Amino acid sequence: MPRQAVEKIVFGDYVVTMDEARPIISDGAVAIDQGRIVAIGCFRDVREQFKSKFEYSGTDTVVSPGLINGHTHAAMTLLRGYSDDIPLMEWLNEHINPIEAAVVSEEFVRVGTQLACWEMIRGGTTTFVDMYFFHHVAATVVDEIGIRALISASIVDQHRNDAVDIDDQWRQANEFIQEWSSRSQHTTVRPILGGHSIYTLNQEQLIRLRELAVQYELPVHVHLAESQFETNYSLTTYGNTPIDFLESIDFFDQHVIAAHVIWSTAQEIDILAQRNVGVIHNPTSNTKIASGIAPIAKYLDAGVTVGLGTDGAATNNDLDMWEEMRLAAYLQKVTSMDPTVLPAKVVLEMATSKGAEAIGLGSEIGTLREGMRADVIQVDIKNAHQLPMYDVESHLVYATHASDVKRAFVDGECLYDDGDYLTFDPKSVRRQVVQVSNTIRNCQKNLR
Ligand SMILES: [Zn+2]
């Protein structure tokens, strides 16, 4: 029988599928056509059935689903290292909000999002969930570069944007969702709704946000139960802790992507599980600004869906999902004094298959299986820090660095090919970052 021609075949010494039916395939191959996986199996079987002009050798590599960064503020890469070692609310109110008010513009978001996409693609992240200002600009950058992203149409941050007309914000959110939903067949951008938090939006705005999400059948992306400040604010303002409060206004009627979720009661953990809230754990950001350690092991025991995120580069200070995986595992082990908690496989799920579920895309990405979208990475395993190898999942979680990623594909398109970026020019991005950072530096002097 003649072999069927497909667009690409990606080989690997190991293919880590994250599919329960067939978790790891030795000497495997993934055949890709029209943006989707058409076959996956051992390389001989795939070779017998398929041929392609673009075959990517798998020698000394592991193939896995691309990583999913479930919570970030991409353009904040331009504020990487701008103000470190400061408590969250002081950091927000006295450092980040003033500089953002001074420098954030369409140009800032364009350049910052390009920089973030560059860093994420290089490190094997193929999908991210974003929340920031000028979301239409971020969406355009993502569309051009071809990485996958859920871009939040973020509604008013009342304490931070006094000058911004609230009705205008709702109108812009509606327009953004309608425009990008209509393009869904031709873009890697998915519009979703976003609200910063229960302490920057009031109850009426939160209800309106939920109603809009129900109307469009889209997820809502929020920061939730991040700090003790937030718990106190919630108790004082709403007479309830944050998750209980949101449940009381039926906020979880539509899928919610909740970043952080550090401070929760036992009853609230049940709500998270029952309402299928997608919790995004951001261990580096949470530890760096000492917000606390989310009880992830308890969430998993209760059946909560948990993904991983980096948060913005201003609190991380990079967008490296490999580091997040390691830190997530270490924190749960040491806080429970139990090294069996959060084993490598579970952490890898949080960065791939479970992460996809947490952001509402579990049927499309996060697992390598026939019919899924071809968001695939190839990781080198020949470097000193990876030798020898006994267990591939352990290797990916505990020994791999972002710089080990060799190729990254989104919807079957190769975005990064062993040193080359195929959809943008990193030199040009670097030049623009230098220009914008000079402006930021000048503004910083004036603010002090
Ligand atoms: Zn955040």
# chains A, B, ... in the order shown; residues from 1 in each chain; ligands from 1
>>> residues_near_ligand(ligand="ligand 1", cutoff="10 Å", atoms="only C-alpha atoms and all ligand atoms", output="short mmCIF file (atom, residue, chain, number, x, y, z; two decimals) with N, CA and C atoms, in the first residue's frame")
data_model
loop_
_atom_site.label_atom_id
_atom_site.label_comp_id
_atom_site.auth_asym_id
_atom_site.auth_seq_id
_atom_site.Cartn_x
_atom_site.Cartn_y
_atom_site.Cartn_z
N HIS A 71 -1.13 31.08 33.53
CA HIS A 71 -1.37 32.43 34.05
C HIS A 71 -0.14 33.31 33.85
N THR A 72 -0.30 34.35 33.04
CA THR A 72 0.81 35.30 32.92
C THR A 72 0.28 36.67 32.51
N HIS A 73 1.18 37.62 32.54
CA HIS A 73 0.93 38.97 32.05
C HIS A 73 2.10 39.23 31.10
N ALA A 74 1.93 38.79 29.85
CA ALA A 74 3.07 38.67 28.94
C ALA A 74 3.88 39.97 28.83
N ASP A 130 -3.26 34.88 29.11
CA ASP A 130 -2.75 36.22 29.39
C ASP A 130 -3.82 37.14 29.98
N MET A 131 -3.37 38.07 30.78
CA MET A 131 -4.24 39.12 31.30
C MET A 131 -3.41 40.40 31.39
N TYR A 132 -3.80 41.39 30.57
CA TYR A 132 -3.08 42.66 30.65
C TYR A 132 -3.88 43.74 29.93
N HIS A 196 -9.38 41.44 37.18
CA HIS A 196 -8.15 41.32 37.97
C HIS A 196 -8.36 40.54 39.26
N SER A 197 -9.34 40.97 40.07
CA SER A 197 -9.51 40.33 41.38
C SER A 197 -10.77 40.85 42.06
N HIS A 221 -10.97 34.58 33.57
CA HIS A 221 -9.64 34.47 34.16
C HIS A 221 -9.52 35.51 35.28
N VAL A 222 -9.25 35.05 36.51
CA VAL A 222 -9.13 35.97 37.65
C VAL A 222 -7.95 35.59 38.54
N HIS A 223 -7.47 36.56 39.31
CA HIS A 223 -6.60 36.26 40.45
C HIS A 223 -7.52 35.93 41.61
N LEU A 224 -7.23 34.89 42.37
CA LEU A 224 -8.15 34.51 43.44
C LEU A 224 -7.40 33.97 44.66
N GLU A 226 -5.17 35.14 46.62
CA GLU A 226 -3.71 35.20 46.46
C GLU A 226 -3.00 35.61 47.75
N ALA A 258 -8.60 30.28 37.71
CA ALA A 258 -8.29 31.05 38.91
C ALA A 258 -6.80 30.94 39.24
N ALA A 259 -6.11 32.07 39.15
CA ALA A 259 -4.68 32.07 39.43
C ALA A 259 -4.42 32.16 40.93
N HIS A 260 -3.46 31.40 41.39
CA HIS A 260 -2.93 31.40 42.77
C HIS A 260 -3.72 30.49 43.72
N ASN A 282 1.14 29.08 40.78
CA ASN A 282 2.29 29.88 40.32
C ASN A 282 3.36 29.88 41.41
N SER A 285 6.24 32.85 41.67
CA SER A 285 5.69 34.15 42.03
C SER A 285 5.22 34.14 43.49
N ASN A 286 4.53 33.08 43.89
CA ASN A 286 3.99 33.01 45.26
C ASN A 286 5.08 32.99 46.31
N GLY A 309 1.47 27.98 36.21
CA GLY A 309 1.74 29.21 35.50
C GLY A 309 2.98 29.89 36.05
N THR A 310 3.44 30.89 35.32
CA THR A 310 4.62 31.63 35.77
C THR A 310 4.25 32.93 36.44
N ASP A 311 2.99 33.42 36.20
CA ASP A 311 2.64 34.80 36.52
C ASP A 311 3.52 35.72 35.66
N GLY A 312 3.44 37.01 35.85
CA GLY A 312 4.24 37.92 35.02
C GLY A 312 5.72 37.86 35.39
N ALA A 313 6.55 38.30 34.45
CA ALA A 313 8.00 38.24 34.69
C ALA A 313 8.45 39.24 35.75
N ALA A 314 7.56 40.15 36.15
CA ALA A 314 7.93 41.10 37.20
C ALA A 314 7.92 40.44 38.58
N THR A 315 7.30 39.27 38.71
CA THR A 315 7.31 38.57 40.00
C THR A 315 7.88 37.16 39.87
#
>>> select_by_dssp(residues="region 29-127 of chain A", states="strand (DSSP E or B)", output="PyMOL selection string")
chain A and resi 29-33+36-42+50-51+54-56+61-65+67-72+125-127
>>> residues_around(residues="Met18 (chain A)", least_positions_apart="4", cutoff="10 Å", atoms="only C-alpha atoms", output="PyMOL selection string")
chain A and resi 22-24+64-65+345+348-349+352-354+366-369
>>> write_last_selection(atoms="C-alpha atoms", output="PDB file, in the first residue's frame")
ATOM      1  CA  ARG A  22      -0.283   4.692  26.015  1.00  0.00           C
ATOM      2  CA  PRO A  23       1.815   7.016  28.180  1.00  0.00           C
ATOM      3  CA  ILE A  24       5.330   6.585  26.778  1.00  0.00           C
ATOM      4  CA  SER A  64       6.078  15.712  24.495  1.00  0.00           C
ATOM      5  CA  PRO A  65       3.041  17.988  24.434  1.00  0.00           C
ATOM      6  CA  LYS A 345       4.225  12.377  36.438  1.00  0.00           C
ATOM      7  CA  LEU A 348       4.091  16.952  34.227  1.00  0.00           C
ATOM      8  CA  GLU A 349       0.310  16.565  33.944  1.00  0.00           C
ATOM      9  CA  THR A 352       0.311  19.642  30.017  1.00  0.00           C
ATOM     10  CA  SER A 353      -2.899  17.547  30.135  1.00  0.00           C
ATOM     11  CA  LYS A 354      -4.330  18.862  33.427  1.00  0.00           C
ATOM     12  CA  GLY A 366      -2.096  18.895  26.384  1.00  0.00           C
ATOM     13  CA  THR A 367      -2.125  15.259  25.244  1.00  0.00           C
ATOM     14  CA  LEU A 368      -0.535  13.664  22.180  1.00  0.00           C
ATOM     15  CA  ARG A 369      -3.325  11.602  20.658  1.00  0.00           C
TER      16      ARG A 369
END
>>> select_by_dssp(residues="region 304-438 of chain A", states="helix (DSSP H, G or I)", output="number ranges by chain")
A: 313-315, 321-336, 344-351, 353-358, 384-386, 392-398, 402-404, 426-438
>>> write_last_selection(atoms="C-alpha atoms", output="JSON list (two decimals), in the first residue's frame")
[["chain", "number", "residue", "atom", "x", "y", "z"],
["A", 313, "ALA", "CA", 8.00, 38.24, 34.69],
["A", 314, "ALA", "CA", 7.93, 41.10, 37.20],
["A", 315, "THR", "CA", 7.31, 38.57, 40.00],
["A", 321, "MET", "CA", 7.71, 26.35, 33.01],
["A", 322, "TRP", "CA", 10.42, 23.77, 33.75],
["A", 323, "GLU", "CA", 11.34, 25.71, 36.87],
["A", 324, "GLU", "CA", 7.67, 25.95, 37.84],
["A", 325, "MET", "CA", 7.33, 22.17, 37.60],
["A", 326, "ARG", "CA", 10.32, 21.59, 39.85],
["A", 327, "LEU", "CA", 9.36, 24.18, 42.42],
["A", 328, "ALA", "CA", 5.74, 22.95, 42.52],
["A", 329, "ALA", "CA", 6.98, 19.46, 43.38],
["A", 330, "TYR", "CA", 9.57, 20.60, 45.92],
["A", 331, "LEU", "CA", 7.21, 22.93, 47.81],
["A", 332, "GLN", "CA", 4.52, 20.28, 48.31],
["A", 333, "LYS", "CA", 7.09, 17.70, 49.38],
["A", 334, "VAL", "CA", 8.80, 19.90, 51.95],
["A", 335, "THR", "CA", 5.63, 21.43, 53.40],
["A", 336, "SER", "CA", 4.11, 17.97, 53.90],
["A", 344, "ALA", "CA", 7.08, 13.78, 38.51],
["A", 345, "LYS", "CA", 4.22, 12.38, 36.44],
["A", 346, "VAL", "CA", 1.63, 14.42, 38.31],
["A", 347, "VAL", "CA", 3.65, 17.62, 37.94],
["A", 348, "LEU", "CA", 4.09, 16.95, 34.23],
["A", 349, "GLU", "CA", 0.31, 16.56, 33.94],
["A", 350, "MET", "CA", -0.13, 19.95, 35.57],
["A", 351, "ALA", "CA", 2.06, 21.52, 32.87],
["A", 353, "SER", "CA", -2.90, 17.55, 30.13],
["A", 354, "LYS", "CA", -4.33, 18.86, 33.43],
["A", 355, "GLY", "CA", -3.17, 22.36, 32.59],
["A", 356, "ALA", "CA", -5.18, 22.09, 29.36],
["A", 357, "GLU", "CA", -8.26, 20.99, 31.34],
["A", 358, "ALA", "CA", -7.77, 23.82, 33.81],
["A", 384, "ALA", "CA", 25.69, 16.68, 30.58],
["A", 385, "HIS", "CA", 22.97, 17.47, 33.12],
["A", 386, "GLN", "CA", 20.72, 14.85, 31.49],
["A", 392, "VAL", "CA", 11.90, 9.93, 31.16],
["A", 393, "GLU", "CA", 9.18, 11.68, 33.22],
["A", 394, "SER", "CA", 11.58, 12.22, 36.11],
["A", 395, "HIS", "CA", 14.06, 13.59, 33.60],
["A", 396, "LEU", "CA", 11.68, 16.12, 32.13],
["A", 397, "VAL", "CA", 10.56, 17.41, 35.52],
["A", 398, "TYR", "CA", 13.75, 17.30, 37.61],
["A", 402, "ALA", "CA", 14.21, 25.58, 29.04],
["A", 403, "SER", "CA", 17.38, 25.77, 26.96],
["A", 404, "ASP", "CA", 17.13, 22.02, 26.25],
["A", 426, "PRO", "CA", 14.47, 38.06, 17.69],
["A", 427, "LYS", "CA", 17.13, 40.67, 16.78],
["A", 428, "SER", "CA", 14.43, 43.17, 15.96],
["A", 429, "VAL", "CA", 12.57, 42.37, 19.20],
["A", 430, "ARG", "CA", 15.78, 42.83, 21.20],
["A", 431, "ARG", "CA", 16.36, 46.23, 19.60],
["A", 432, "GLN", "CA", 12.86, 47.38, 20.48],
["A", 433, "VAL", "CA", 13.14, 46.06, 24.04],
["A", 434, "VAL", "CA", 16.26, 48.19, 24.54],
["A", 435, "GLN", "CA", 14.39, 51.28, 23.32],
["A", 436, "VAL", "CA", 11.34, 50.73, 25.53],
["A", 437, "SER", "CA", 13.46, 49.87, 28.56],
["A", 438, "ASN", "CA", 15.31, 53.18, 28.18]]
>>> closest_residue(among="A:Thr17, A:Gln34, A:Ser152, A:Thr61", to="Asn383 (chain A)", atoms="only C-alpha atoms")
A:Thr61
>>> residues_around(residues="Leu193 (chain A)", least_positions_apart="3", cutoff="8 Å", atoms="only C-alpha atoms", output="short mmCIF file (atom, residue, chain, number, x, y, z; two decimals) with C-alpha atoms, in the first residue's frame")
data_model
loop_
_atom_site.label_atom_id
_atom_site.label_comp_id
_atom_site.auth_asym_id
_atom_site.auth_seq_id
_atom_site.Cartn_x
_atom_site.Cartn_y
_atom_site.Cartn_z
CA ILE A 151 -6.18 36.46 25.75
CA SER A 152 -8.37 37.95 28.47
CA ALA A 153 -10.52 40.94 27.65
CA SER A 154 -9.78 42.41 31.05
CA ILE A 155 -12.43 44.50 32.67
CA ALA A 173 -14.45 43.66 25.81
CA LEU A 209 -18.46 39.71 34.19
CA ALA A 213 -19.06 34.92 30.30
CA LEU A 218 -16.24 31.68 27.56
CA PRO A 219 -13.99 31.15 30.58
CA VAL A 220 -13.23 33.96 33.03
CA HIS A 221 -9.64 34.47 34.16
#
>>> atom_distance(atom1="CA of Gly70 (chain A)", atom2="CA of Asn317 (chain A)")
16.0 Å
>>> residues_around(residues="region 116-118 of chain A", least_positions_apart="2", cutoff="8 Å", atoms="only C-alpha atoms", output="list in words")
Ala74, Ala75, Thr77, Gly112, Thr113, Gln114, Met120, Ile121, Arg122, Val142, Ile145, Ile147, Leu319 and Pro426 of chain A
>>> residues_around(residues="Glu370 (chain A)", least_positions_apart="5", cutoff="8 Å", atoms="only C-alpha atoms", output="list in words")
Arg36, Ile37, Val38, Ala39 and Ile40 of chain A
>>> write_last_selection(atoms="N, CA and C atoms", output="CSV table (one decimal), in the first residue's frame")
chain,number,residue,atom,x,y,z
A,36,ARG,N,-3.2,19.0,12.9
A,36,ARG,CA,-3.6,18.0,13.9
A,36,ARG,C,-2.7,16.8,13.9
A,37,ILE,N,-2.7,16.0,15.0
A,37,ILE,CA,-2.0,14.8,15.0
A,37,ILE,C,-2.8,13.7,14.3
A,38,VAL,N,-2.3,13.1,13.2
A,38,VAL,CA,-3.0,12.1,12.5
A,38,VAL,C,-2.6,10.7,12.9
A,39,ALA,N,-1.4,10.6,13.4
A,39,ALA,CA,-1.0,9.2,13.9
A,39,ALA,C,0.1,9.4,14.9
A,40,ILE,N,0.1,8.4,15.9
A,40,ILE,CA,1.2,8.5,16.9
A,40,ILE,C,1.5,7.0,17.2
>>> residues_around(residues="region 376-381 of chain A", least_positions_apart="6", cutoff="8 Å", atoms="only C-alpha atoms", output="JSON, numbers by chain")
{"A": [12, 58, 60, 61, 62, 63, 64, 65, 66, 124, 126, 368, 387, 404, 405, 406, 407, 408, 409, 410, 412]}
